[in-house]
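> There's a structure below that I have some questions on.
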Amino acid sequence: MERWSRRKFFLASLLSSLAAGAGKVFGSSPPVDAAGGAPSIPIASAQGTRPIIISSANGLHALDKGMEVLKKGGDTLDAAIAAVTVVEDDPNDDSVGYGGLPNEEGEVELDASVMHGPTHRAGAVGGVRRIKNVARLAQTVMQKTNHVMMVGEGAHRFAVDEGFEDMSLLTEHSRKIWLAWKAASSVNWRPGIDSPEWREHVAAIFGGDKEKIAYAERVIAHPPTGTIPCMALNEKGDISATTTTSGLAWKIPGRVGDSPIIGAGCFVDNEVGAAGSTGKGEENIKICGGHTIIEMMRRGKSPEEACLEALARIARNYNNDKKKLATFHIFFYALNKDGVHGAASLWRNHYEEPQHSVYAVHDGTEARLAECKPFFDEINAHG
Ligand code: GLY
């Protein structure tokens with residue numbers, strides 16, 4: 001099956017996970033016995049489990065790689081990076097790394113951060129062009145420099161000096177969507193009205209493929225902020241995390257979101273747990289979401305409750321005005337030191353489908369999806 005869109009992948013993953021058995025979707029209503037009594041299949045243990053690795057839903061197919069590292073006794077940050085590298089390398093995932101949707105000039109700009117719990121260290125990169133594995137680049141900043149964050153041209157030069165490949169990150173798929181966005185955004189980027197082709201221009205970009213046209217229309221109307229946060233906890237209780245992204249599609253060149261901001265898109269305290277985010281980074285930066293979640297968990301909140309508290313602060317920034325809040329979407333994910341995980345979404349759905357938002361969990365047996373707790377039960381088209 002050709003996989004070319006985040007949405008298509010997300011739906012395929014969700015449906016296959018659901019088909020594999022309701023009990024495998026953590027947080028879903030467990031089946032009851034014939035008499036309507038106790039659940040016949042247990043749901044995820046509230047006690048948590050170690051080792052464990054979690055990510056946003058687009059990492060479902062990549063968590064095996066991270067779990068492999070954990071099972072071999074490898075480092076927790078190496079485990080998280082092993083997982084997200086699969087997604088960064090995937091040209092069919094347009095939310096991160098190679099094939100990520102570009103800025104308004106057609107240039108892919110990536111952001112990433114890492115935190116290593118056991119050594120209390122951090123690294124981050126922002127606005128990096130032509131380097132696909134920016135999570136590993138952030139780790140290299142952490143390991144090889146006395147800095148925490150490097151951006152733009154300097155970060156690119158550092159990457160090349162460290163042996164990272166310099167390459168174009170635009171794929172044919174992301175280039176076509178960018179051309180369609182330009183045609184939709186400016187009359188100068190489509191044939192004039194004196195041309196017989198002007199009406200069909202966008203359809204022609206995609207060779208008339210209706211599914212691709214519909215996808216392009218959606219990401220043009222609602223520019224996504226696709227991202228993958230990933231948190232890994234080993235048997236001993238050490239925890240690390242990374243968040244990597246191509247950021248907001250069609251952004252102004254130089255725009256940096258929450259993903260590389262330590263304390264917003266990624267935060268770890270080895271005594272407490274880890275947190276990450278996807279969605280509109282600007283809203284997260286204003287509440288230091290990652291740090292907020294860790295402090296809430298330190299005071300005894302569960303990962304899910306802590307994620308909901310971060311969303312409550314975002315909602316409060318708009319006086320809980322649902323009309324204003326409906327102009328964006330945002331998600332938080334958290335894992336505590338005991339291996340208990342949780343996530344929450346501002347709106348119930350992801351993309352335009354009415355299902356609950358989900359995230360990915362691998363607890364040593366297999367990667368599965370779990371439901372995010374919605375802050376508002378309504379659905380919202382923003383992805
Ligand atoms: N959360 C990713 C971004 O806003 O760039």
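Order determines the names: the first chain of the structure tokens is A, the second B, and so forth; residues in each chain are numbered 1 upward, and ligands are numbered 1 upward as they are shown.
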Residues up to 7 Å from ligand 1, counting only C-alpha atoms and all ligand atoms: could you list those as an MDAnalysis selection string?

chainID A and resid 225:227 245:248 256:259 265 277:282

> Quick one: residues within 12 Å of A:Glu68, only C-alpha atoms counted, chain neighbours fewer than 4 positions away excluded, as number ranges by chain?

A: 51-53, 62-64, 72-76, 78-83, 232, 234, 362-367

> So which one's closest to A:Ile177, A:Gly208, A:Gly59, A:Gly127, A:Pro102? Using only C-alpha atoms, please.

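Among the listed residues, the smallest separation from A:Ile177 belongs to A:Pro102.
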
> To one decimal place in Å, what is the distance between atom CA of A:Val87 and atom CA of A:Leu110?

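Here the two named atoms are 13.2 Å from each other.
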
> Report as a PyMOL selection string: the residues of stretch 67-199 of chain A with a DSSP assignment of alpha helix (DSSP H), based on the backbone of this structure.

chain A and resi 67-71+76-89+134-144+152-161+172-185

> Would you export the selected residues with N, CA and C atoms as a compact mmCIF listing (two decimals), in the first residue's frame, please?


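Saved to result21.txt:
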```txt
# COMPACT_ATOMS: atom_id res chain seq x y z
N MET A 67 12.21 0.10 21.55
CA MET A 67 12.09 -0.97 22.55
C MET A 67 13.25 -1.94 22.45
N GLU A 68 13.71 -2.18 21.22
CA GLU A 68 14.88 -3.05 21.00
C GLU A 68 16.08 -2.53 21.80
N VAL A 69 16.31 -1.22 21.74
CA VAL A 69 17.44 -0.60 22.46
C VAL A 69 17.25 -0.78 23.96
N LEU A 70 16.02 -0.54 24.44
CA LEU A 70 15.75 -0.67 25.89
C LEU A 70 15.96 -2.10 26.36
N LYS A 71 15.49 -3.05 25.55
CA LYS A 71 15.60 -4.47 25.96
C LYS A 71 17.04 -4.94 26.02
N THR A 76 18.43 5.29 27.44
CA THR A 76 17.04 5.69 27.18
C THR A 76 16.94 6.75 26.08
N LEU A 77 17.92 7.66 26.01
CA LEU A 77 17.85 8.67 24.94
C LEU A 77 18.15 8.02 23.59
N ASP A 78 19.11 7.10 23.56
CA ASP A 78 19.38 6.37 22.30
C ASP A 78 18.11 5.64 21.84
N ALA A 79 17.33 5.12 22.79
CA ALA A 79 16.10 4.40 22.45
C ALA A 79 15.09 5.35 21.80
N ALA A 80 14.88 6.51 22.42
CA ALA A 80 13.91 7.47 21.88
C ALA A 80 14.36 7.95 20.50
N ILE A 81 15.67 8.19 20.36
CA ILE A 81 16.17 8.69 19.06
C ILE A 81 16.08 7.60 18.00
N ALA A 82 16.34 6.35 18.38
CA ALA A 82 16.21 5.25 17.40
C ALA A 82 14.80 5.21 16.84
N ALA A 83 13.80 5.45 17.69
CA ALA A 83 12.41 5.42 17.21
C ALA A 83 12.12 6.60 16.29
N VAL A 84 12.44 7.81 16.71
CA VAL A 84 12.03 8.96 15.88
C VAL A 84 12.84 9.05 14.59
N THR A 85 14.04 8.44 14.57
CA THR A 85 14.85 8.46 13.34
C THR A 85 14.12 7.72 12.21
N VAL A 86 13.37 6.68 12.57
CA VAL A 86 12.59 5.94 11.56
C VAL A 86 11.61 6.90 10.89
N VAL A 87 10.99 7.76 11.69
CA VAL A 87 9.98 8.69 11.16
C VAL A 87 10.66 9.84 10.41
N GLU A 88 11.79 10.32 10.94
CA GLU A 88 12.53 11.39 10.24
C GLU A 88 13.00 10.92 8.87
N ASP A 89 13.37 9.64 8.75
CA ASP A 89 13.89 9.09 7.48
C ASP A 89 12.79 8.79 6.48
N VAL A 134 17.45 15.56 12.87
CA VAL A 134 17.73 16.65 13.82
C VAL A 134 17.61 16.23 15.28
N ALA A 135 16.92 15.12 15.57
CA ALA A 135 16.91 14.64 16.96
C ALA A 135 18.33 14.21 17.34
N ARG A 136 18.97 13.47 16.44
CA ARG A 136 20.36 13.05 16.71
C ARG A 136 21.29 14.26 16.70
N LEU A 137 20.97 15.26 15.88
CA LEU A 137 21.78 16.49 15.89
C LEU A 137 21.67 17.19 17.25
N ALA A 138 20.46 17.25 17.79
CA ALA A 138 20.27 17.86 19.12
C ALA A 138 21.07 17.07 20.17
N GLN A 139 21.08 15.75 20.04
CA GLN A 139 21.87 14.91 20.96
C GLN A 139 23.37 15.22 20.80
N THR A 140 23.78 15.48 19.56
CA THR A 140 25.20 15.78 19.32
C THR A 140 25.58 17.13 19.93
N VAL A 141 24.66 18.11 19.84
CA VAL A 141 24.90 19.40 20.51
C VAL A 141 25.10 19.15 22.01
N MET A 142 24.24 18.29 22.58
CA MET A 142 24.32 17.98 24.02
C MET A 142 25.64 17.30 24.36
N GLN A 143 26.06 16.37 23.49
CA GLN A 143 27.25 15.56 23.83
C GLN A 143 28.57 16.22 23.50
N LYS A 144 28.58 17.06 22.43
CA LYS A 144 29.88 17.53 21.93
C LYS A 144 30.15 19.00 22.17
N GLY A 152 19.74 27.65 12.98
CA GLY A 152 19.99 28.13 11.62
C GLY A 152 21.32 27.69 11.02
N GLU A 153 21.97 28.66 10.38
CA GLU A 153 23.20 28.39 9.62
C GLU A 153 24.30 27.78 10.50
N GLY A 154 24.44 28.28 11.72
CA GLY A 154 25.48 27.74 12.62
C GLY A 154 25.22 26.28 12.95
N ALA A 155 23.96 25.95 13.18
CA ALA A 155 23.60 24.56 13.49
C ALA A 155 23.86 23.67 12.27
N HIS A 156 23.58 24.20 11.09
CA HIS A 156 23.82 23.44 9.86
C HIS A 156 25.31 23.18 9.67
N ARG A 157 26.13 24.21 9.88
CA ARG A 157 27.59 24.04 9.72
C ARG A 157 28.12 23.02 10.74
N PHE A 158 27.60 23.13 11.97
CA PHE A 158 28.00 22.18 13.03
C PHE A 158 27.65 20.75 12.59
N ALA A 159 26.45 20.59 12.02
CA ALA A 159 26.01 19.25 11.60
C ALA A 159 26.94 18.69 10.53
N VAL A 160 27.26 19.51 9.53
CA VAL A 160 28.13 19.03 8.44
C VAL A 160 29.50 18.67 9.00
N ASP A 161 30.03 19.50 9.90
CA ASP A 161 31.34 19.20 10.53
C ASP A 161 31.28 17.89 11.29
N GLU A 172 9.04 14.85 -3.79
CA GLU A 172 8.11 15.20 -4.87
C GLU A 172 6.72 15.48 -4.27
N HIS A 173 6.34 14.67 -3.28
CA HIS A 173 5.04 14.83 -2.61
C HIS A 173 4.96 16.19 -1.90
N SER A 174 5.98 16.52 -1.08
CA SER A 174 5.90 17.78 -0.33
C SER A 174 6.05 18.97 -1.28
N ARG A 175 6.84 18.81 -2.36
CA ARG A 175 7.00 19.90 -3.32
C ARG A 175 5.67 20.21 -4.01
N LYS A 176 4.92 19.16 -4.37
CA LYS A 176 3.64 19.37 -5.06
C LYS A 176 2.63 20.05 -4.13
N ILE A 177 2.62 19.65 -2.87
CA ILE A 177 1.66 20.29 -1.95
C ILE A 177 2.04 21.76 -1.76
N TRP A 178 3.35 22.03 -1.71
CA TRP A 178 3.80 23.42 -1.58
C TRP A 178 3.38 24.24 -2.81
N LEU A 179 3.51 23.64 -4.01
CA LEU A 179 3.08 24.34 -5.24
C LEU A 179 1.58 24.62 -5.18
N ALA A 180 0.82 23.64 -4.68
CA ALA A 180 -0.64 23.82 -4.57
C ALA A 180 -0.95 24.92 -3.56
N TRP A 181 -0.19 24.97 -2.47
CA TRP A 181 -0.40 26.03 -1.46
C TRP A 181 -0.12 27.39 -2.09
N LYS A 182 0.96 27.46 -2.89
CA LYS A 182 1.28 28.75 -3.52
C LYS A 182 0.17 29.16 -4.49
N ALA A 183 -0.32 28.20 -5.26
CA ALA A 183 -1.39 28.50 -6.22
C ALA A 183 -2.65 28.95 -5.51
N ALA A 184 -2.90 28.37 -4.32
CA ALA A 184 -4.11 28.72 -3.57
C ALA A 184 -3.94 30.07 -2.86
N SER A 185 -2.68 30.44 -2.59
CA SER A 185 -2.43 31.63 -1.78
C SER A 185 -2.21 32.89 -2.60
```

> Which neighbours of A:Arg348 fall inside 10 Å, counting only C-alpha atoms, when residues of the same chain fewer than 6 positions from it are skipped, and could you give them as a list in words?

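Neighbouring residues, sequence-local ones excluded: His329, Pro354, Gln355, His356, Ser357, Val358, Glu371, Cys372, Lys373, Pro374, Phe375, Phe376, Asp377, Glu378, Ile379 and Asn380 of chain A.
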
> Those same residues, written as a CSV table (one decimal), in the first residue's frame with N, CA, C and O atoms?


```
chain,number,residue,atom,x,y,z
A,329,HIS,N,-5.2,23.4,17.3
A,329,HIS,CA,-5.3,22.1,18.1
A,329,HIS,C,-4.0,21.9,18.7
A,329,HIS,O,-2.9,22.3,18.3
A,354,PRO,N,-14.1,11.9,13.4
A,354,PRO,CA,-14.7,12.0,14.8
A,354,PRO,C,-14.1,11.2,15.9
A,354,PRO,O,-14.4,11.4,17.0
A,355,GLN,N,-13.2,10.2,15.5
A,355,GLN,CA,-12.6,9.4,16.6
A,355,GLN,C,-11.8,10.2,17.6
A,355,GLN,O,-11.4,11.3,17.3
A,356,HIS,N,-11.6,9.5,18.7
A,356,HIS,CA,-10.7,10.1,19.7
A,356,HIS,C,-9.3,10.2,19.1
A,356,HIS,O,-8.8,9.4,18.4
A,357,SER,N,-8.6,11.3,19.5
A,357,SER,CA,-7.1,11.3,19.3
A,357,SER,C,-6.5,10.1,20.0
A,357,SER,O,-6.9,9.7,21.0
A,358,VAL,N,-5.4,9.7,19.4
A,358,VAL,CA,-4.6,8.5,20.0
A,358,VAL,C,-3.1,8.8,20.0
A,358,VAL,O,-2.7,9.7,19.4
A,371,GLU,N,-5.9,6.0,23.9
A,371,GLU,CA,-6.7,7.2,23.6
A,371,GLU,C,-6.2,8.4,24.4
A,371,GLU,O,-5.9,8.3,25.6
A,372,CYS,N,-6.2,9.6,23.8
A,372,CYS,CA,-6.0,10.8,24.5
A,372,CYS,C,-7.3,11.2,25.2
A,372,CYS,O,-8.4,11.0,24.7
A,373,LYS,N,-7.1,11.8,26.3
A,373,LYS,CA,-8.3,12.4,27.0
A,373,LYS,C,-8.6,13.7,26.5
A,373,LYS,O,-7.7,14.6,26.4
A,374,PRO,N,-9.8,14.0,26.0
A,374,PRO,CA,-10.1,15.3,25.4
A,374,PRO,C,-10.4,16.3,26.5
A,374,PRO,O,-11.0,16.0,27.5
A,375,PHE,N,-9.9,17.5,26.2
A,375,PHE,CA,-10.2,18.7,27.1
A,375,PHE,C,-11.6,19.2,26.8
A,375,PHE,O,-12.5,19.4,27.7
A,376,PHE,N,-11.9,19.4,25.5
A,376,PHE,CA,-13.3,19.7,25.0
A,376,PHE,C,-13.7,18.4,24.2
A,376,PHE,O,-12.9,17.9,23.5
A,377,ASP,N,-15.0,18.0,24.4
A,377,ASP,CA,-15.4,16.8,23.7
A,377,ASP,C,-15.8,17.1,22.2
A,377,ASP,O,-15.9,16.1,21.4
A,378,GLU,N,-15.8,18.3,21.8
A,378,GLU,CA,-16.2,18.6,20.4
A,378,GLU,C,-15.0,18.2,19.5
A,378,GLU,O,-13.9,18.1,19.9
A,379,ILE,N,-15.3,18.1,18.2
A,379,ILE,CA,-14.2,17.8,17.2
A,379,ILE,C,-13.8,19.1,16.5
A,379,ILE,O,-14.6,20.1,16.5
A,380,ASN,N,-12.6,19.1,16.0
A,380,ASN,CA,-12.0,20.3,15.4
A,380,ASN,C,-11.2,19.9,14.2
A,380,ASN,O,-10.4,19.0,14.4
```

> Among stretch 218-315 of chain A, which ones does DSSP place in strand (DSSP E or B), written as a PyMOL selection string?

chain A and resi 227-233+239-245+262+266-269+273-279

> Can you pull out the residues contacting A:Ala249? Cut-off 6 Å, using only C-alpha atoms, and skip same-chain residues under 6 positions away; I want them as a PyMOL selection string.

chain A and resi 101-103+223-224

> Given the selection you just returned, output its residues as a file containing all heavy atoms, formatted as a JSON list (two decimals), in the first residue's frame.


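The result, written out as result33.json:
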```
[["chain", "number", "residue", "atom", "x", "y", "z"],
["A", 101, "LEU", "N", 6.66, 19.06, 5.44],
["A", 101, "LEU", "CA", 6.11, 20.18, 4.67],
["A", 101, "LEU", "C", 6.98, 21.42, 4.92],
["A", 101, "LEU", "O", 7.37, 21.70, 6.05],
["A", 101, "LEU", "CB", 4.65, 20.43, 5.04],
["A", 101, "LEU", "CG", 3.68, 19.30, 4.65],
["A", 101, "LEU", "CD1", 2.26, 19.58, 5.15],
["A", 101, "LEU", "CD2", 3.68, 19.09, 3.13],
["A", 102, "PRO", "N", 7.27, 22.18, 3.85],
["A", 102, "PRO", "CA", 8.26, 23.25, 3.95],
["A", 102, "PRO", "C", 7.69, 24.57, 4.45],
["A", 102, "PRO", "O", 6.49, 24.70, 4.70],
["A", 102, "PRO", "CB", 8.73, 23.39, 2.50],
["A", 102, "PRO", "CG", 7.50, 23.08, 1.70],
["A", 102, "PRO", "CD", 6.78, 22.00, 2.47],
["A", 103, "ASN", "N", 8.58, 25.58, 4.55],
["A", 103, "ASN", "CA", 8.15, 26.94, 4.88],
["A", 103, "ASN", "C", 7.56, 27.60, 3.63],
["A", 103, "ASN", "O", 7.46, 26.97, 2.56],
["A", 103, "ASN", "CB", 9.31, 27.74, 5.49],
["A", 103, "ASN", "CG", 10.44, 28.01, 4.50],
["A", 103, "ASN", "OD1", 10.25, 27.96, 3.28],
["A", 103, "ASN", "ND2", 11.62, 28.31, 5.02],
["A", 223, "PRO", "N", -2.95, 24.55, 8.08],
["A", 223, "PRO", "CA", -1.53, 24.16, 8.06],
["A", 223, "PRO", "C", -1.17, 23.34, 9.30],
["A", 223, "PRO", "O", -1.37, 23.79, 10.43],
["A", 223, "PRO", "CB", -0.80, 25.51, 8.06],
["A", 223, "PRO", "CG", -1.79, 26.47, 7.50],
["A", 223, "PRO", "CD", -3.14, 25.99, 7.96],
["A", 224, "PRO", "N", -0.68, 22.11, 9.10],
["A", 224, "PRO", "CA", -0.39, 21.25, 10.26],
["A", 224, "PRO", "C", 0.93, 21.60, 10.93],
["A", 224, "PRO", "O", 1.80, 22.24, 10.34],
["A", 224, "PRO", "CB", -0.31, 19.86, 9.63],
["A", 224, "PRO", "CG", 0.07, 20.08, 8.21],
["A", 224, "PRO", "CD", -0.46, 21.42, 7.82]]
```

> Pick out the closest residue to A:Trp250 from this set: A:Val340, A:Ile294, A:Cys230, A:Val219. Count only C-alpha atoms.

A:Val219
